[in-house]
Amino acid sequence: MSPSPSRPSPLLSLRGISKTFGAVAALTDVDLDVAAGEVVAVVGDNGAGKSTLVKVLSGVHQPDAGTITFDSHAVTIPSPAAAQQLGIATVFQDLALCENLNVIENLFLGRELRALRLDDVAMEVRSRELLRRLSAKIPKLSVPVAALSGGQRQTVAIARSLLGDPKIVILDEPTAALGVAQTAEVLNLIDRLREGGHGVIMISHNMDDVLSVADTVAVLRLGRNNGVFDAVETSTEQIVTAITGAADNAVTRRVRRARRAVSAGVEEGADHE
Amino acid sequence: MSDVGTAPPLAEPEQHEPEEPGGLRALAARFRGGDLGVLPVVAGLVVIWTVMQILNPVFLSSTNLVNLTLECAPVGVIALGVGLMLLVGQIDLSVGSLSGLSASVTAILFVGHGMSPWLAVPLAVATAAVIGWLYAQVFNRLGVPSFVITLAGLLGFLGVQLWVLGKKGAINLPFDSGLVTFAQLDFLPAWLSYALAVVAAGSLFATGYLRAGARRRAGLPATSLRGLLLRSVVLLAGLGLAVWYLGRTRGVGWMFVLFLALVLATHYVLSRTRFGKSVYAVGGNVEAARRAGINVNAVYTSAFVLCTTLAAIGGVLAAARLAAANQSTGGGDVNLNAIAAAVIGGTSLFGGRGNAFAALLGIVVIQSISSGLTLLNLDSSFRYMVTGAVLLLAVALDAVARRSRASHGRA
């Protein structure tokens with residue numbers, strides 16, 4: 001699937017990425033484009049290769065074949081540190097925060113300012129500025145992260161990824177464990193990343209979240225591309241069809257059933273397909 | 001973004017609640033959330049001192065308190081190292097054996113081979129440091145749990161200690177040697193004690209003042225001058241009173257000052273350096289620390305080495321205080337007292353919580369119990385029982401605090 005011509009020129013381009021683990025082909029000939037200021041949702045069923053794709057981009061796994069172009073240079077991403085140096089930051093699903101440390105300490109963990117006499121003033125100023133730029137609602141920066149809600153922790157994790165001034169931010173299931181209000185907060189945060197000119201790759205299972213925040217939806221199925229959709233013009237059903245690979249699937253059956261029930265009133269035996 | 005000095009003050013103070021971490025309200029919130037800090041141990045100490053004083057009026061006498069400070073130093077130094085291990089979520093069970101071994105090595109080199117103590121002590125301490133490094137290699141490379149490695153070390157190095165001491169089993173250190181006088185007879189002159197108290201309070205004020213100034217310039221909330229002055233004056237009064245009271249008899253021992261200096265140095269490293277933060281990070285969430293780019297194995301190695309090094313220093317101090325190294329140096333209750341002191345002082349057994357002052361407070365609690373019961377002519381059987389009960393209480397408090405944190409959503 002080639003990108004539609006109307007899209008801006010990509011900041012990050014994957015072409016023909018393949019990755020196998022032993023006999024299992026996790027990714028086969030996958031293409032993906034992300035432009036600055038664009039939110040690309042990568043969706044797919046379990047085992048479709050989403051996580052492998054994230055790990056290739058974050059330097060955890062090396063692809064067996066294919067090219068990665070970043071900022072119009074061909075690059076390789078041999079390690080997580082290399083990914084960060086390029087400007088690709090990843091927020092993994094488990095967030096990797098130290099719950100015994102406070103917000104500032106977590107933001108600067110491993111890159112504290114002035115190693116032998118910590119500059120807490122500068123770190124606090126930068127933390128506040130960063131969180132304010134994200135309009136994040138963190139009541140107090142001096143409390144341990146353990147005291148924060150799931151959405152606030154997600155915010156801290158995203159803010160931390162921004163400290164290295166990345167061009168691309170990858171979010172792995174950012175809303176998976178969150179309640180309704182917290183999900184909305186994180187989606188707002190993603191909007192702000194886009195406004196800030198970051199390219200965002202978001203892995204998600206939740207179609208509502210995907211359609212409400214993404215510009216483009218890339219579907220993976222069994223490790224291959226199975227369509228790139230414009231989020232505005234696409235319905236949940238179309239995406240689910242691409243994910244499952246069949247127009248007749250559990251989701252569409254449910255939708256049809258519901259429609260029939262509405263149009264024909266309550267009628268027995270309507271679910272025989 | 002990089003120009004910190006000119007960053008404008010926050011426009012939305014309600015959102016990021018402007019509160020200095022040390023503020024009273026923040027403290028209350030922390031207690032409610034199950035972060036008890038030093039409060040339980042200080043309260044416990046007050047209770048113990050009151051009870052002991054009622055039971056025997058000699059307990060709070062200047063003579064006895066001077067003895068107490070000297071008793072605290074050797075095991076306190078060991079407890080400092082144990083605290084570091086607990087902070088990274090590991091434990092060293094062999095600190096007693098290592099302290100005994102290094103005491104024996106010191107005595108053999110010093111007395112047996114006539115080596116200068118300036119050489120003998122560093123050699124003994126270096127031996128322990130190498131042992132700590134070996135522990136860390138086994139831990140990092142083979143993934144053997146630290147309590148198993150150090151349990152093996154506990155037995156193994158006790159054996160080495162007995163072997164190097166030979167058949168005689170005891171080496172006396174000459175009473176007139178610098179080592180022994182340092183631990184038994186050397187006390188600060190009164191003027192120096194008071195001067196150090198003034199320096200301590202003065203530097204508390206100075207660092208606080210500079211910090212508050214820097215925070216204000218950056219538009220951050222800062223401690224008021226009044227609060228700072230109050231704290232410094234309270235510290236000065238407390239230290240002055242202690243120096244005066246101890247000075248009525250022998251005064252403040254150099255060995256105790258060494259212990260305090262080690263506590264303060266450890267405190268600085270833990271709270272004000274990148275390494276210190278990585279210690280807490282490794283104890284809190286190893287995986288997160290690793291992903292943040294922290295060299296986790298190096299942090300573990302440092303903790304092991306620092307712990308065994310401090311254990312060795314504690315062992316040398318114990319031998320100097322006793323003027324002998326023998327088969328029971330570092331044996332008996334040294335091991336458990338050191339570990340108990342760190343835990344009673346408020347270092348969490350679950351890793352990532354605690355500070356350097358835990359060793360100081362914990363060992364004062366333990367030695368107070370020990371000293372008080374000795375004054376009552378109760379033998380060591382009672383001491384073990386009471387110390388055991390206090391330890392259980394401390395660990396239970398830690399576990400309950402942890403559960404409280406969990407119920408406040410901050411496990």
# chains A, B, ... in the order shown; residues from 1 in each chain; ligands from 1

call {"tool": "select_by_dssp", "arguments": {"residues": "stretch 66-258 of chain A", "states": "alpha helix (DSSP H)", "output": "PyMOL selection string"}}
result
chain A and resi 80-86+103-107+120-133+150-162+180-195+207-213+236-244+250-258

call {"tool": "write_last_selection", "arguments": {"atoms": "C-alpha atoms", "output": "PDB file, in the first residue's frame"}}
result
ATOM      1  CA  PRO A  80      17.591   1.569  22.004  1.00  0.00           C
ATOM      2  CA  ALA A  81      20.235   4.234  22.628  1.00  0.00           C
ATOM      3  CA  ALA A  82      20.668   4.652  18.860  1.00  0.00           C
ATOM      4  CA  ALA A  83      16.925   5.131  18.462  1.00  0.00           C
ATOM      5  CA  GLN A  84      16.950   7.860  21.078  1.00  0.00           C
ATOM      6  CA  GLN A  85      19.915   9.547  19.463  1.00  0.00           C
ATOM      7  CA  LEU A  86      18.142   9.567  16.117  1.00  0.00           C
ATOM      8  CA  VAL A 103       7.934  12.986  39.159  1.00  0.00           C
ATOM      9  CA  ILE A 104      11.073  15.074  38.590  1.00  0.00           C
ATOM     10  CA  GLU A 105      13.374  12.199  39.509  1.00  0.00           C
ATOM     11  CA  ASN A 106      11.551   9.945  37.070  1.00  0.00           C
ATOM     12  CA  LEU A 107      11.634  12.501  34.276  1.00  0.00           C
ATOM     13  CA  ASP A 120      17.418  20.169  41.237  1.00  0.00           C
ATOM     14  CA  VAL A 121      16.422  23.733  40.552  1.00  0.00           C
ATOM     15  CA  ALA A 122      17.105  23.437  36.837  1.00  0.00           C
ATOM     16  CA  MET A 123      15.500  20.002  36.719  1.00  0.00           C
ATOM     17  CA  GLU A 124      12.369  21.229  38.459  1.00  0.00           C
ATOM     18  CA  VAL A 125      12.101  24.251  36.191  1.00  0.00           C
ATOM     19  CA  ARG A 126      12.422  22.108  33.085  1.00  0.00           C
ATOM     20  CA  SER A 127       9.953  19.552  34.443  1.00  0.00           C
ATOM     21  CA  ARG A 128       7.351  22.213  35.125  1.00  0.00           C
ATOM     22  CA  GLU A 129       7.871  23.805  31.753  1.00  0.00           C
ATOM     23  CA  LEU A 130       7.571  20.486  29.978  1.00  0.00           C
ATOM     24  CA  LEU A 131       4.431  19.464  31.823  1.00  0.00           C
ATOM     25  CA  ARG A 132       2.899  22.882  31.289  1.00  0.00           C
ATOM     26  CA  ARG A 133       3.588  22.647  27.579  1.00  0.00           C
ATOM     27  CA  GLY A 150      -2.824   5.727  35.645  1.00  0.00           C
ATOM     28  CA  GLY A 151      -3.379   8.660  33.298  1.00  0.00           C
ATOM     29  CA  GLN A 152      -0.936  10.839  35.198  1.00  0.00           C
ATOM     30  CA  ARG A 153       1.680   8.108  35.049  1.00  0.00           C
ATOM     31  CA  GLN A 154       1.142   7.801  31.318  1.00  0.00           C
ATOM     32  CA  THR A 155       1.624  11.575  31.127  1.00  0.00           C
ATOM     33  CA  VAL A 156       4.885  11.375  33.080  1.00  0.00           C
ATOM     34  CA  ALA A 157       6.114   8.576  30.826  1.00  0.00           C
ATOM     35  CA  ILE A 158       5.270  10.570  27.689  1.00  0.00           C
ATOM     36  CA  ALA A 159       6.823  13.716  29.135  1.00  0.00           C
ATOM     37  CA  ARG A 160       9.968  11.781  29.892  1.00  0.00           C
ATOM     38  CA  SER A 161      10.181  10.582  26.294  1.00  0.00           C
ATOM     39  CA  LEU A 162      10.038  14.245  25.203  1.00  0.00           C
ATOM     40  CA  VAL A 180     -12.778   7.125  30.451  1.00  0.00           C
ATOM     41  CA  ALA A 181     -11.598  10.490  31.757  1.00  0.00           C
ATOM     42  CA  GLN A 182      -7.958   9.457  31.867  1.00  0.00           C
ATOM     43  CA  THR A 183      -8.168   8.127  28.320  1.00  0.00           C
ATOM     44  CA  ALA A 184      -9.492  11.500  27.192  1.00  0.00           C
ATOM     45  CA  GLU A 185      -6.582  13.204  28.929  1.00  0.00           C
ATOM     46  CA  VAL A 186      -4.051  11.024  27.180  1.00  0.00           C
ATOM     47  CA  LEU A 187      -5.763  11.570  23.809  1.00  0.00           C
ATOM     48  CA  ASN A 188      -5.557  15.320  24.434  1.00  0.00           C
ATOM     49  CA  LEU A 189      -1.898  14.834  25.148  1.00  0.00           C
ATOM     50  CA  ILE A 190      -1.449  13.087  21.804  1.00  0.00           C
ATOM     51  CA  ASP A 191      -3.187  16.025  20.102  1.00  0.00           C
ATOM     52  CA  ARG A 192      -0.662  18.298  21.762  1.00  0.00           C
ATOM     53  CA  LEU A 193       2.229  16.164  20.541  1.00  0.00           C
ATOM     54  CA  ARG A 194       0.889  16.612  17.020  1.00  0.00           C
ATOM     55  CA  GLU A 195       0.541  20.358  17.502  1.00  0.00           C
ATOM     56  CA  MET A 207     -11.061   1.704  17.570  1.00  0.00           C
ATOM     57  CA  ASP A 208     -12.818   4.679  19.183  1.00  0.00           C
ATOM     58  CA  ASP A 209      -9.515   6.054  20.464  1.00  0.00           C
ATOM     59  CA  VAL A 210      -7.836   5.407  17.138  1.00  0.00           C
ATOM     60  CA  LEU A 211     -10.489   7.163  15.086  1.00  0.00           C
ATOM     61  CA  SER A 212     -10.751  10.087  17.487  1.00  0.00           C
ATOM     62  CA  VAL A 213      -7.068  10.947  17.568  1.00  0.00           C
ATOM     63  CA  THR A 236     -14.844   1.301  12.465  1.00  0.00           C
ATOM     64  CA  GLU A 237     -16.292  -1.502  10.347  1.00  0.00           C
ATOM     65  CA  GLN A 238     -13.935  -0.879   7.471  1.00  0.00           C
ATOM     66  CA  ILE A 239     -10.958  -1.023   9.772  1.00  0.00           C
ATOM     67  CA  VAL A 240     -12.183  -4.114  11.548  1.00  0.00           C
ATOM     68  CA  THR A 241     -12.702  -5.730   8.171  1.00  0.00           C
ATOM     69  CA  ALA A 242      -9.104  -4.988   7.314  1.00  0.00           C
ATOM     70  CA  ILE A 243      -7.900  -6.253  10.682  1.00  0.00           C
ATOM     71  CA  THR A 244      -9.759  -9.547  10.533  1.00  0.00           C
ATOM     72  CA  ALA A 250     -17.833 -11.315  14.458  1.00  0.00           C
ATOM     73  CA  VAL A 251     -17.887  -7.537  14.559  1.00  0.00           C
ATOM     74  CA  THR A 252     -19.833  -6.973  11.346  1.00  0.00           C
ATOM     75  CA  ARG A 253     -22.257  -9.736  12.306  1.00  0.00           C
ATOM     76  CA  ARG A 254     -22.961  -7.971  15.563  1.00  0.00           C
ATOM     77  CA  VAL A 255     -23.506  -4.692  13.760  1.00  0.00           C
ATOM     78  CA  ARG A 256     -25.883  -6.275  11.246  1.00  0.00           C
ATOM     79  CA  ARG A 257     -27.712  -8.052  14.015  1.00  0.00           C
ATOM     80  CA  ALA A 258     -28.176  -4.854  15.926  1.00  0.00           C
TER      81      ALA A 258
END

call {"tool": "closest_atom_pairs", "arguments": {"of": "chain A", "to": "chain B", "cutoff": "6 Å", "atoms": "only C-alpha atoms", "output": "CSV"}}
result
residue,atom,partner,partner_atom,distance
A:Ala96,CA,B:Ala288,CA,4.2
A:Leu97,CA,B:Ala288,CA,5.6
A:Cys98,CA,B:Asn285,CA,5.3
A:Asn100,CA,B:Gly284,CA,5.7
A:Gly110,CA,B:Ala292,CA,5.3
A:Ala115,CA,B:Arg274,CA,4.7
A:Leu116,CA,B:Thr273,CA,4.8
A:Arg117,CA,B:Arg272,CA,5.5
A:Leu118,CA,B:Arg272,CA,5.3
A:Val121,CA,B:Arg215,CA,5.9
A:Ala122,CA,B:Val4,CA,5.8
A:Pro139,CA,B:His16,CA,5.2
A:Lys140,CA,B:His16,CA,5.4
A:Ala146,CA,B:Arg410,CA,3.7
A:Ala147,CA,B:Arg410,CA,4.6

call {"tool": "atom_distance", "arguments": {"atom1": "atom CA of B:Val41", "atom2": "atom CA of B:Asp379"}}
result
24.6 Å

call {"tool": "residues_around", "arguments": {"residues": "A:Ile68", "least_positions_apart": "4", "cutoff": "12 Å", "atoms": "only C-alpha atoms", "output": "number ranges by chain"}}
result
A: 10-18, 30-34, 53, 56-59, 62-64, 72-78, 83, 86

call {"tool": "write_last_selection", "arguments": {"atoms": "N, CA and C atoms", "output": "mmCIF file, in the first residue's frame"}}
result
data_model
loop_
_atom_site.group_PDB
_atom_site.id
_atom_site.type_symbol
_atom_site.label_atom_id
_atom_site.label_comp_id
_atom_site.auth_asym_id
_atom_site.auth_seq_id
_atom_site.Cartn_x
_atom_site.Cartn_y
_atom_site.Cartn_z
ATOM 1 N N PRO A 10 7.056 12.130 4.248
ATOM 2 C CA PRO A 10 7.253 11.466 5.533
ATOM 3 C C PRO A 10 8.587 11.815 6.185
ATOM 4 N N LEU A 11 8.547 11.858 7.521
ATOM 5 C CA LEU A 11 9.741 12.048 8.326
ATOM 6 C C LEU A 11 10.427 10.705 8.535
ATOM 7 N N LEU A 12 9.584 9.700 8.717
ATOM 8 C CA LEU A 12 10.083 8.337 8.924
ATOM 9 C C LEU A 12 9.396 7.434 7.912
ATOM 10 N N SER A 13 10.180 6.655 7.202
ATOM 11 C CA SER A 13 9.631 5.759 6.187
ATOM 12 C C SER A 13 10.201 4.371 6.352
ATOM 13 N N LEU A 14 9.318 3.403 6.446
ATOM 14 C CA LEU A 14 9.770 2.013 6.426
ATOM 15 C C LEU A 14 9.388 1.429 5.082
ATOM 16 N N ARG A 15 10.298 0.691 4.478
ATOM 17 C CA ARG A 15 10.003 0.030 3.208
ATOM 18 C C ARG A 15 10.443 -1.421 3.271
ATOM 19 N N GLY A 16 9.507 -2.314 3.054
ATOM 20 C CA GLY A 16 9.835 -3.739 2.917
ATOM 21 C C GLY A 16 10.462 -4.351 4.142
ATOM 22 N N ILE A 17 10.019 -3.898 5.337
ATOM 23 C CA ILE A 17 10.599 -4.437 6.566
ATOM 24 C C ILE A 17 10.112 -5.871 6.817
ATOM 25 N N SER A 18 11.054 -6.788 7.005
ATOM 26 C CA SER A 18 10.712 -8.175 7.341
ATOM 27 C C SER A 18 11.489 -8.594 8.574
ATOM 28 N N VAL A 30 6.791 -4.988 5.263
ATOM 29 C CA VAL A 30 5.893 -3.966 5.811
ATOM 30 C C VAL A 30 6.392 -2.563 5.456
ATOM 31 N N ASP A 31 5.460 -1.725 5.010
ATOM 32 C CA ASP A 31 5.748 -0.312 4.750
ATOM 33 C C ASP A 31 5.007 0.540 5.777
ATOM 34 N N LEU A 32 5.618 1.650 6.145
ATOM 35 C CA LEU A 32 4.923 2.576 7.048
ATOM 36 C C LEU A 32 5.523 3.962 6.859
ATOM 37 N N ASP A 33 4.654 4.990 6.842
ATOM 38 C CA ASP A 33 5.138 6.367 6.713
ATOM 39 C C ASP A 33 4.564 7.214 7.832
ATOM 40 N N VAL A 34 5.410 8.050 8.401
ATOM 41 C CA VAL A 34 4.952 8.997 9.413
ATOM 42 C C VAL A 34 5.545 10.354 9.086
ATOM 43 N N LEU A 53 6.963 -4.479 15.263
ATOM 44 C CA LEU A 53 7.235 -3.252 14.530
ATOM 45 C C LEU A 53 7.760 -2.170 15.480
ATOM 46 N N VAL A 56 11.292 -2.964 16.391
ATOM 47 C CA VAL A 56 12.238 -2.646 15.317
ATOM 48 C C VAL A 56 12.548 -1.150 15.336
ATOM 49 N N LEU A 57 11.499 -0.344 15.505
ATOM 50 C CA LEU A 57 11.702 1.108 15.474
ATOM 51 C C LEU A 57 12.436 1.628 16.699
ATOM 52 N N SER A 58 12.268 0.932 17.827
ATOM 53 C CA SER A 58 12.916 1.433 19.038
ATOM 54 C C SER A 58 14.286 0.804 19.253
ATOM 55 N N GLY A 59 14.731 0.005 18.284
ATOM 56 C CA GLY A 59 16.082 -0.525 18.354
ATOM 57 C C GLY A 59 16.232 -1.789 19.163
ATOM 58 N N GLN A 62 16.440 -6.046 15.320
ATOM 59 C CA GLN A 62 16.907 -5.592 14.014
ATOM 60 C C GLN A 62 16.064 -6.274 12.942
ATOM 61 N N PRO A 63 15.650 -5.531 11.921
ATOM 62 C CA PRO A 63 14.897 -6.168 10.836
ATOM 63 C C PRO A 63 15.833 -7.050 10.005
ATOM 64 N N ASP A 64 15.248 -8.138 9.420
ATOM 65 C CA ASP A 64 16.058 -9.011 8.560
ATOM 66 C C ASP A 64 16.217 -8.398 7.176
ATOM 67 N N SER A 72 15.002 11.811 5.653
ATOM 68 C CA SER A 72 15.552 11.575 4.308
ATOM 69 C C SER A 72 16.975 11.022 4.287
ATOM 70 N N HIS A 73 17.364 10.303 5.364
ATOM 71 C CA HIS A 73 18.610 9.535 5.338
ATOM 72 C C HIS A 73 18.268 8.083 5.628
ATOM 73 N N ALA A 74 18.943 7.172 4.933
ATOM 74 C CA ALA A 74 18.784 5.765 5.272
ATOM 75 C C ALA A 74 19.517 5.508 6.579
ATOM 76 N N VAL A 75 18.835 4.884 7.538
ATOM 77 C CA VAL A 75 19.450 4.667 8.842
ATOM 78 C C VAL A 75 19.280 3.220 9.275
ATOM 79 N N THR A 76 20.123 2.803 10.232
ATOM 80 C CA THR A 76 19.875 1.558 10.943
ATOM 81 C C THR A 76 19.703 1.933 12.411
ATOM 82 N N ILE A 77 18.950 1.101 13.114
ATOM 83 C CA ILE A 77 18.708 1.376 14.542
ATOM 84 C C ILE A 77 19.177 0.174 15.335
ATOM 85 N N PRO A 78 20.486 0.113 15.622
ATOM 86 C CA PRO A 78 21.038 -1.094 16.238
ATOM 87 C C PRO A 78 20.738 -1.247 17.722
ATOM 88 N N ALA A 83 18.243 4.598 18.802
ATOM 89 C CA ALA A 83 16.925 5.131 18.462
ATOM 90 C C ALA A 83 16.734 6.493 19.110
ATOM 91 N N LEU A 86 18.756 9.140 17.366
ATOM 92 C CA LEU A 86 18.142 9.567 16.117
ATOM 93 C C LEU A 86 16.998 10.534 16.380
#

call {"tool": "closest_residue", "arguments": {"among": "B:Leu39, B:Val88, B:Leu239, B:Ala394", "to": "B:Tyr194", "atoms": "only C-alpha atoms"}}
result
B:Leu239

call {"tool": "atom_distance", "arguments": {"atom1": "atom CA of B:Leu230", "atom2": "atom CA of B:Leu188"}}
result
27.2 Å

call {"tool": "closest_residue", "arguments": {"among": "B:Val105, B:Val66, B:Leu204, B:Ala338", "to": "B:Ile91", "atoms": "only C-alpha atoms"}}
result
B:Ala338

call {"tool": "closest_residue", "arguments": {"among": "B:Tyr300, B:Trp191, B:Phe259, B:Phe382", "to": "B:Gly247", "atoms": "only C-alpha atoms"}}
result
B:Trp191

call {"tool": "residues_around", "arguments": {"residues": "B:Leu391", "least_positions_apart": "5", "cutoff": "9 Å", "atoms": "only C-alpha atoms", "output": "PyMOL selection string"}}
result
chain B and resi 340-341+343-344+386+396

call {"tool": "write_last_selection", "arguments": {"atoms": "N, CA and C atoms", "output": "PDB file, in the first residue's frame"}}
result
ATOM      1  N   ALA B 340      19.548  -5.528  61.595  1.00  0.00           N
ATOM      2  CA  ALA B 340      18.397  -5.024  62.336  1.00  0.00           C
ATOM      3  C   ALA B 340      18.448  -3.509  62.457  1.00  0.00           C
ATOM      4  N   ALA B 341      19.646  -2.950  62.655  1.00  0.00           N
ATOM      5  CA  ALA B 341      19.762  -1.502  62.806  1.00  0.00           C
ATOM      6  C   ALA B 341      19.276  -0.791  61.549  1.00  0.00           C
ATOM      7  N   VAL B 343      17.191  -1.846  59.350  1.00  0.00           N
ATOM      8  CA  VAL B 343      15.746  -2.010  59.171  1.00  0.00           C
ATOM      9  C   VAL B 343      14.976  -1.194  60.210  1.00  0.00           C
ATOM     10  N   ILE B 344      15.430  -1.270  61.473  1.00  0.00           N
ATOM     11  CA  ILE B 344      14.748  -0.513  62.524  1.00  0.00           C
ATOM     12  C   ILE B 344      14.817   0.975  62.219  1.00  0.00           C
ATOM     13  N   VAL B 386      14.418  -8.812  73.567  1.00  0.00           N
ATOM     14  CA  VAL B 386      13.886  -7.463  73.353  1.00  0.00           C
ATOM     15  C   VAL B 386      14.252  -6.946  71.967  1.00  0.00           C
ATOM     16  N   ALA B 396       7.227  -5.036  60.859  1.00  0.00           N
ATOM     17  CA  ALA B 396       5.769  -5.010  60.740  1.00  0.00           C
ATOM     18  C   ALA B 396       5.303  -3.619  60.335  1.00  0.00           C
TER      19      ALA B 396
END

call {"tool": "residues_around", "arguments": {"residues": "stretch 226-234 of chain A", "least_positions_apart": "6", "cutoff": "7 Å", "atoms": "only C-alpha atoms", "output": "list in words"}}
result
Met1, Leu211, Ala214, Asp215, Thr216, Val217, Ala218, Val219, Leu220 and Ala242 of chain A

call {"tool": "residues_around", "arguments": {"residues": "B:Thr127", "least_positions_apart": "3", "cutoff": "12 Å", "atoms": "only C-alpha atoms", "output": "list in words"}}
result
Leu98, Ser99, Leu101, Ser102, Ala103, Ser104, Val105, Thr106, Ala120, Val121, Pro122, Leu123, Ala124, Val130, Ile131, Gly132, Trp133, Leu134, Phe157, Val305, Thr308, Thr309, Leu310, Ala311, Ala312 and Ile313 of chain B

call {"tool": "closest_residue", "arguments": {"among": "B:Val148, B:Ala183, B:Val365, B:Ala195", "to": "B:Val390", "atoms": "only C-alpha atoms"}}
result
B:Val365
